[in-house]
There are 2 protein chains.
Amino acid sequence: MDMTRQKKQEEPVQHSAPNTPNPTCQDWSQVLPQLLRAGQGETILNLLPSAIHELNNAINTVLGFADLLQSEPSISKTLKEDLKAIERAGLRARELLGALRSLASGVPAQLQLAPVDLKEICEQACSLMAAAFRRNYIQLVTDYSKETPIIISDASRLRFVFLALLQNACDAIALKGEGGKISVRTGRDQFGNAVISVEDDGVGLNPDVHSKLFEPFVTDKLDGKRAGLGLFLVNRFVTELQGGVEITSSETGTKVTLTLPSLEALV
Amino acid sequence: MDMTRQKKQEEPVQHSAPNTPNPTCQDWSQVLPQLLRAGQGETILNLLPSAIHELNNAINTVLGFADLLQSEPSISKTLKEDLKAIERAGLRARELLGALRSLASGVPAQLQLAPVDLKEICEQACSLMAAAFRRNYIQLVTDYSKETPIIISDASRLRFVFLALLQNACDAIALKGEGGKISVRTGRDQFGNAVISVEDDGVGLNPDVHSKLFEPFVTDKLDGKRAGLGLFLVNRFVTELQGGVEITSSETGTKVTLTLPSLEALV
């Protein structure tokens, strides 16, 4: 201990970049745990394309050899079944990596408008969250109405929106600690807009944060486990997509409803 | 378009949570692209434990059946080689998932001090970044001196520190656009402290940001591709670990040197 301190006194480590206050903000220390969590998130996001690429190479090798072996005439029917099990697992891994890859490049600054199938985006998000749902004894109930319009929107933004809403719902049920239910619904309103709702029977929103839910760094979890950027992101992206966010919450749960303009409503 | 607007006039979407300004900050809009990037990062980080769990299940199935098939007496030597290739790919995927899993739970609020092998942590970080290095024609040179002390430190923090440094180095070379070299070195100083450096021959730091490198949201990339939390995180974590950060940068590259107290230096 002494040696280290001595060293610091003798030849202090130079900070070429002193930590001068940022002009936009008076005091970062009030949101320090959230900033550190967000910094970890950024590091992971930056890393993800490379990590997914490496994983995909491995899975492609698995699938290539599993395919090759199945076509061997000397392989018995029983062994072929085993190879099919390898193939199915490989395809499942490839599907998960594909869902992750569509997130890994992040959201482009400009809107990328194209027809969007909301059911597909919801299902992909739910698939990635499957293990978290199981671990927290969460039953997922989905109702994708056939009336749901195909909308012209930005899929990359909506993927993050759904994930953030599912994560909040999952967190709220995890806090209750006795399992629960998440209901995901898509449909259309009387004006032709798409309506998507994510409802949970978790602990409900803390009234203290209710008035500032869409601000950055607002979270109940001050242990550094959340950065509190979820609803900030949701609100921002949905607003960019000319939609609206409605949140109702009580002690018995929270429901977030998004309204997104459809092609029909736009023309 | 009209219908959507009309809808908004008739029955405005209720924001139960109006976006009142955060008392700690005057104006988030100045760091909006960075906040949105950080929000995406948080969403991915929250998702990662679940996604890794699902991927791991798939890989375990692959490895289980590959093992089973290899023990079949009817399998020829050639086919066994193919099964071994499946097994190797599966083990590579498991290794990558293991490295990701050690990041996915994030950094605990309290320091978790234990003996840390810096070489192991560096190698894991480099392995996860391998595809990014290849894509940017980056040669990685490592020099883990045998003199490097085992330090008592917090591995979960150091994993993020190395990744953030490697990502900055990779970004600086990518900006140059002609490939380059990253040198990672570990060693010990005369006081017994561990010294780690990450050096790149990329574009060098923008002098505009040089005076505030350790602040959050400082980045050259204002297209929303980076949140600018990397060096903020590095500085914060290294300071928590009683170490120091030194940054030197010129037009021909950047070198970041960390000093971390070793067990030897502490006693």
# chains A, B, ... in the order shown; residues from 1 in each chain; ligands from 1
$ residues_around --residues "Ala89 (chain B)" --least-positions-apart "2" --cutoff "12 Å" --atoms "only C-alpha atoms" --output "VMD selection string"
(chain A and resid 54 to 66 90) or (chain B and resid 59 to 60 62 to 63 66 82 to 87 91 to 96)
$ write_last_selection --atoms "C-alpha atoms" --output "PDB file, in the first residue's frame"
ATOM      1  CA  GLU A  54     -16.745 -15.295 -34.835  1.00  0.00           C
ATOM      2  CA  LEU A  55     -19.672 -17.281 -33.448  1.00  0.00           C
ATOM      3  CA  ASN A  56     -21.262 -17.505 -36.872  1.00  0.00           C
ATOM      4  CA  ASN A  57     -18.077 -18.946 -38.364  1.00  0.00           C
ATOM      5  CA  ALA A  58     -18.166 -21.690 -35.746  1.00  0.00           C
ATOM      6  CA  ILE A  59     -21.852 -22.441 -36.388  1.00  0.00           C
ATOM      7  CA  ASN A  60     -21.302 -22.541 -40.152  1.00  0.00           C
ATOM      8  CA  THR A  61     -18.593 -25.141 -39.644  1.00  0.00           C
ATOM      9  CA  VAL A  62     -20.956 -27.215 -37.510  1.00  0.00           C
ATOM     10  CA  LEU A  63     -23.744 -27.007 -40.082  1.00  0.00           C
ATOM     11  CA  GLY A  64     -21.436 -27.691 -43.023  1.00  0.00           C
ATOM     12  CA  PHE A  65     -20.041 -30.903 -41.544  1.00  0.00           C
ATOM     13  CA  ALA A  66     -23.430 -32.026 -40.213  1.00  0.00           C
ATOM     14  CA  GLY A  90     -27.024 -25.348 -35.251  1.00  0.00           C
TER      15      GLY A  90
ATOM     16  CA  ILE B  59     -24.055 -25.473 -28.519  1.00  0.00           C
ATOM     17  CA  ASN B  60     -24.383 -28.025 -25.720  1.00  0.00           C
ATOM     18  CA  VAL B  62     -24.191 -29.943 -30.737  1.00  0.00           C
ATOM     19  CA  LEU B  63     -21.340 -31.020 -28.478  1.00  0.00           C
ATOM     20  CA  ALA B  66     -20.920 -34.950 -31.589  1.00  0.00           C
ATOM     21  CA  ASP B  82     -15.551 -34.716 -39.583  1.00  0.00           C
ATOM     22  CA  LEU B  83     -17.153 -35.155 -36.181  1.00  0.00           C
ATOM     23  CA  LYS B  84     -14.000 -33.819 -34.583  1.00  0.00           C
ATOM     24  CA  ALA B  85     -14.289 -30.732 -36.792  1.00  0.00           C
ATOM     25  CA  ILE B  86     -17.847 -30.244 -35.497  1.00  0.00           C
ATOM     26  CA  GLU B  87     -16.589 -30.678 -31.956  1.00  0.00           C
ATOM     27  CA  LEU B  91     -15.809 -25.767 -28.441  1.00  0.00           C
ATOM     28  CA  ARG B  92     -14.712 -22.535 -30.129  1.00  0.00           C
ATOM     29  CA  ALA B  93     -18.308 -21.249 -29.918  1.00  0.00           C
ATOM     30  CA  ARG B  94     -18.489 -22.282 -26.258  1.00  0.00           C
ATOM     31  CA  GLU B  95     -15.244 -20.441 -25.533  1.00  0.00           C
ATOM     32  CA  LEU B  96     -16.539 -17.259 -27.180  1.00  0.00           C
TER      33      LEU B  96
END
$ residues_around --residues "region 196-210 of chain A" --least-positions-apart "2" --cutoff "8 Å" --atoms "only C-alpha atoms" --output "compact mmCIF listing (two decimals) with N, CA and C atoms, in the first residue's frame"
# COMPACT_ATOMS: atom_id res chain seq x y z
N LEU A 165 -39.14 -2.50 -23.99
CA LEU A 165 -40.42 -2.68 -23.29
C LEU A 165 -40.50 -4.06 -22.63
N LEU A 166 -40.04 -5.10 -23.34
CA LEU A 166 -40.07 -6.45 -22.76
C LEU A 166 -39.15 -6.52 -21.54
N ALA A 169 -40.83 -4.89 -18.59
CA ALA A 169 -41.89 -5.77 -18.10
C ALA A 169 -41.29 -6.92 -17.29
N CYS A 170 -40.21 -7.47 -17.83
CA CYS A 170 -39.53 -8.59 -17.17
C CYS A 170 -38.97 -8.14 -15.82
N ASP A 171 -38.34 -6.98 -15.79
CA ASP A 171 -37.80 -6.43 -14.54
C ASP A 171 -38.90 -6.24 -13.50
N ALA A 172 -40.04 -5.72 -13.94
CA ALA A 172 -41.14 -5.43 -13.00
C ALA A 172 -41.66 -6.71 -12.37
N ILE A 173 -41.70 -7.79 -13.16
CA ILE A 173 -42.17 -9.08 -12.63
C ILE A 173 -41.09 -9.70 -11.75
N ALA A 174 -39.84 -9.56 -12.17
CA ALA A 174 -38.73 -10.10 -11.37
C ALA A 174 -38.71 -9.45 -9.99
N LEU A 175 -39.02 -8.16 -9.92
CA LEU A 175 -39.03 -7.44 -8.64
C LEU A 175 -40.10 -7.99 -7.71
N LYS A 176 -41.21 -8.41 -8.30
CA LYS A 176 -42.29 -8.99 -7.50
C LYS A 176 -41.86 -10.33 -6.93
N GLY A 180 -45.06 -14.23 -13.24
CA GLY A 180 -46.11 -13.35 -13.74
C GLY A 180 -46.38 -13.56 -15.21
N LYS A 181 -47.05 -12.59 -15.79
CA LYS A 181 -47.50 -12.74 -17.17
C LYS A 181 -47.20 -11.46 -17.94
N ILE A 182 -46.68 -11.61 -19.14
CA ILE A 182 -46.51 -10.48 -20.05
C ILE A 182 -47.42 -10.72 -21.25
N SER A 183 -48.25 -9.74 -21.56
CA SER A 183 -49.13 -9.84 -22.73
C SER A 183 -48.65 -8.87 -23.80
N VAL A 184 -48.40 -9.40 -24.99
CA VAL A 184 -48.00 -8.57 -26.13
C VAL A 184 -49.14 -8.62 -27.15
N ARG A 185 -49.63 -7.46 -27.52
CA ARG A 185 -50.74 -7.43 -28.48
C ARG A 185 -50.42 -6.46 -29.61
N THR A 186 -50.80 -6.84 -30.83
CA THR A 186 -50.74 -5.88 -31.94
C THR A 186 -52.12 -5.83 -32.58
N GLY A 187 -52.47 -4.69 -33.11
CA GLY A 187 -53.78 -4.54 -33.76
C GLY A 187 -53.82 -3.23 -34.52
N ALA A 194 -51.32 1.37 -36.52
CA ALA A 194 -50.97 0.16 -35.79
C ALA A 194 -50.91 0.48 -34.30
N LYS A 212 -41.12 11.58 -14.67
CA LYS A 212 -39.95 11.80 -15.53
C LYS A 212 -39.48 10.53 -16.23
N LEU A 213 -40.46 9.69 -16.57
CA LEU A 213 -40.13 8.38 -17.15
C LEU A 213 -39.35 8.46 -18.44
N VAL A 218 -33.34 7.59 -15.61
CA VAL A 218 -34.34 7.43 -14.56
C VAL A 218 -34.56 5.94 -14.33
N THR A 219 -34.23 5.48 -13.16
CA THR A 219 -34.40 4.07 -12.83
C THR A 219 -34.56 3.90 -11.33
N ASP A 220 -35.30 2.84 -10.99
CA ASP A 220 -35.41 2.45 -9.58
C ASP A 220 -34.14 1.77 -9.09
N SER A 249 -49.99 2.75 -15.25
CA SER A 249 -49.37 1.86 -14.28
C SER A 249 -50.09 1.95 -12.94
N SER A 250 -50.17 0.82 -12.27
CA SER A 250 -50.75 0.80 -10.92
C SER A 250 -49.96 -0.23 -10.13
N GLU A 251 -50.41 -0.50 -8.93
CA GLU A 251 -49.70 -1.50 -8.11
C GLU A 251 -49.78 -2.90 -8.70
N THR A 252 -50.74 -3.11 -9.60
CA THR A 252 -50.91 -4.46 -10.15
C THR A 252 -50.28 -4.63 -11.53
N GLY A 253 -49.55 -3.62 -11.97
CA GLY A 253 -48.86 -3.81 -13.24
C GLY A 253 -48.77 -2.55 -14.08
N THR A 254 -48.15 -2.70 -15.23
CA THR A 254 -47.91 -1.58 -16.13
C THR A 254 -48.29 -1.98 -17.55
N LYS A 255 -48.88 -1.01 -18.25
CA LYS A 255 -49.19 -1.26 -19.67
C LYS A 255 -48.65 -0.10 -20.50
N VAL A 256 -47.85 -0.45 -21.49
CA VAL A 256 -47.35 0.56 -22.42
C VAL A 256 -47.99 0.31 -23.77
N THR A 257 -48.60 1.35 -24.33
CA THR A 257 -49.26 1.22 -25.63
C THR A 257 -48.60 2.18 -26.62
N LEU A 258 -48.21 1.62 -27.75
CA LEU A 258 -47.62 2.44 -28.82
C LEU A 258 -48.63 2.56 -29.95
N THR A 259 -48.70 3.73 -30.53
CA THR A 259 -49.50 3.92 -31.74
C THR A 259 -48.53 4.34 -32.85
N SER B 16 -48.28 9.96 -19.91
CA SER B 16 -48.47 9.98 -18.47
C SER B 16 -47.24 10.58 -17.79
N ALA B 17 -46.12 10.53 -18.53
CA ALA B 17 -44.87 11.01 -17.95
C ALA B 17 -44.31 12.15 -18.80
$ closest_residue --among "B:Cys126, B:Leu48, B:Leu35, B:Leu158" --to "Val141 (chain B)" --atoms "only C-alpha atoms"
B:Cys126
$ closest_residue --among "B:Ser105, B:Gln30, B:Thr239, B:Gln124" --to "Glu42 (chain B)" --atoms "only C-alpha atoms"
B:Ser105
$ closest_residue --among "B:Gly244, B:Pro33, B:Gly98, B:Pro261" --to "Ala125 (chain B)" --atoms "only C-alpha atoms"
B:Gly98
$ residues_around --residues "Leu128 (chain B)" --least-positions-apart "5" --cutoff "10 Å" --atoms "only C-alpha atoms" --output "ChimeraX atom specification"
/A:47-55 /B:95-97,99-100,123,133,163
$ closest_residue --among "B:Ile152, B:Cys122, B:Ala131, B:Leu113" --to "chain A" --atoms "only C-alpha atoms"
B:Ala131
$ residues_around --residues "Asp189 (chain B)" --least-positions-apart "6" --cutoff "10 Å" --atoms "only C-alpha atoms" --output "ChimeraX atom specification"
/B:147-149,195,259-261
$ select_by_dssp --residues "region 75-236 of chain A" --states "alpha helix (DSSP H)" --output "VMD selection string"
chain A and resid 77 to 104 118 to 128 130 to 135 155 to 176 230 to 236
$ residues_around --residues "Arg37 (chain B)" --least-positions-apart "3" --cutoff "9 Å" --atoms "only C-alpha atoms" --output "list of chain:residue names"
A:Glu42, A:Leu45, A:Gly106, A:Val107, B:Leu32, B:Pro33, B:Gln34, B:Gln40, B:Gly41, B:Glu42, B:Gly224, B:Lys225, B:Arg226, B:Ala227
$ select_by_dssp --residues "region 151-256 of chain B" --states "strand (DSSP E)" --output "ChimeraX atom specification"
/B:151-153,180-188,194-200,244-250,253-256
$ residues_around --residues "Ser156 (chain B)" --least-positions-apart "6" --cutoff "9 Å" --atoms "only C-alpha atoms" --output "JSON, numbers by chain"
{"B": [102, 103, 106, 107, 108, 111, 112]}
$ residues_around --residues "Ala114 (chain A)" --least-positions-apart "2" --cutoff "8 Å" --atoms "only C-alpha atoms" --output "compact mmCIF listing (two decimals) with C-alpha atoms, in the first residue's frame"
# COMPACT_ATOMS: atom_id res chain seq x y z
CA GLN A 112 -34.68 3.78 -42.85
CA VAL A 116 -42.44 -3.55 -41.31
CA ILE A 151 -46.66 -0.17 -41.50
CA ILE A 152 -43.97 1.88 -43.18
CA SER A 153 -41.52 2.38 -40.38
CA ASP A 154 -37.95 1.78 -39.24
CA ALA A 155 -37.38 -1.84 -38.21
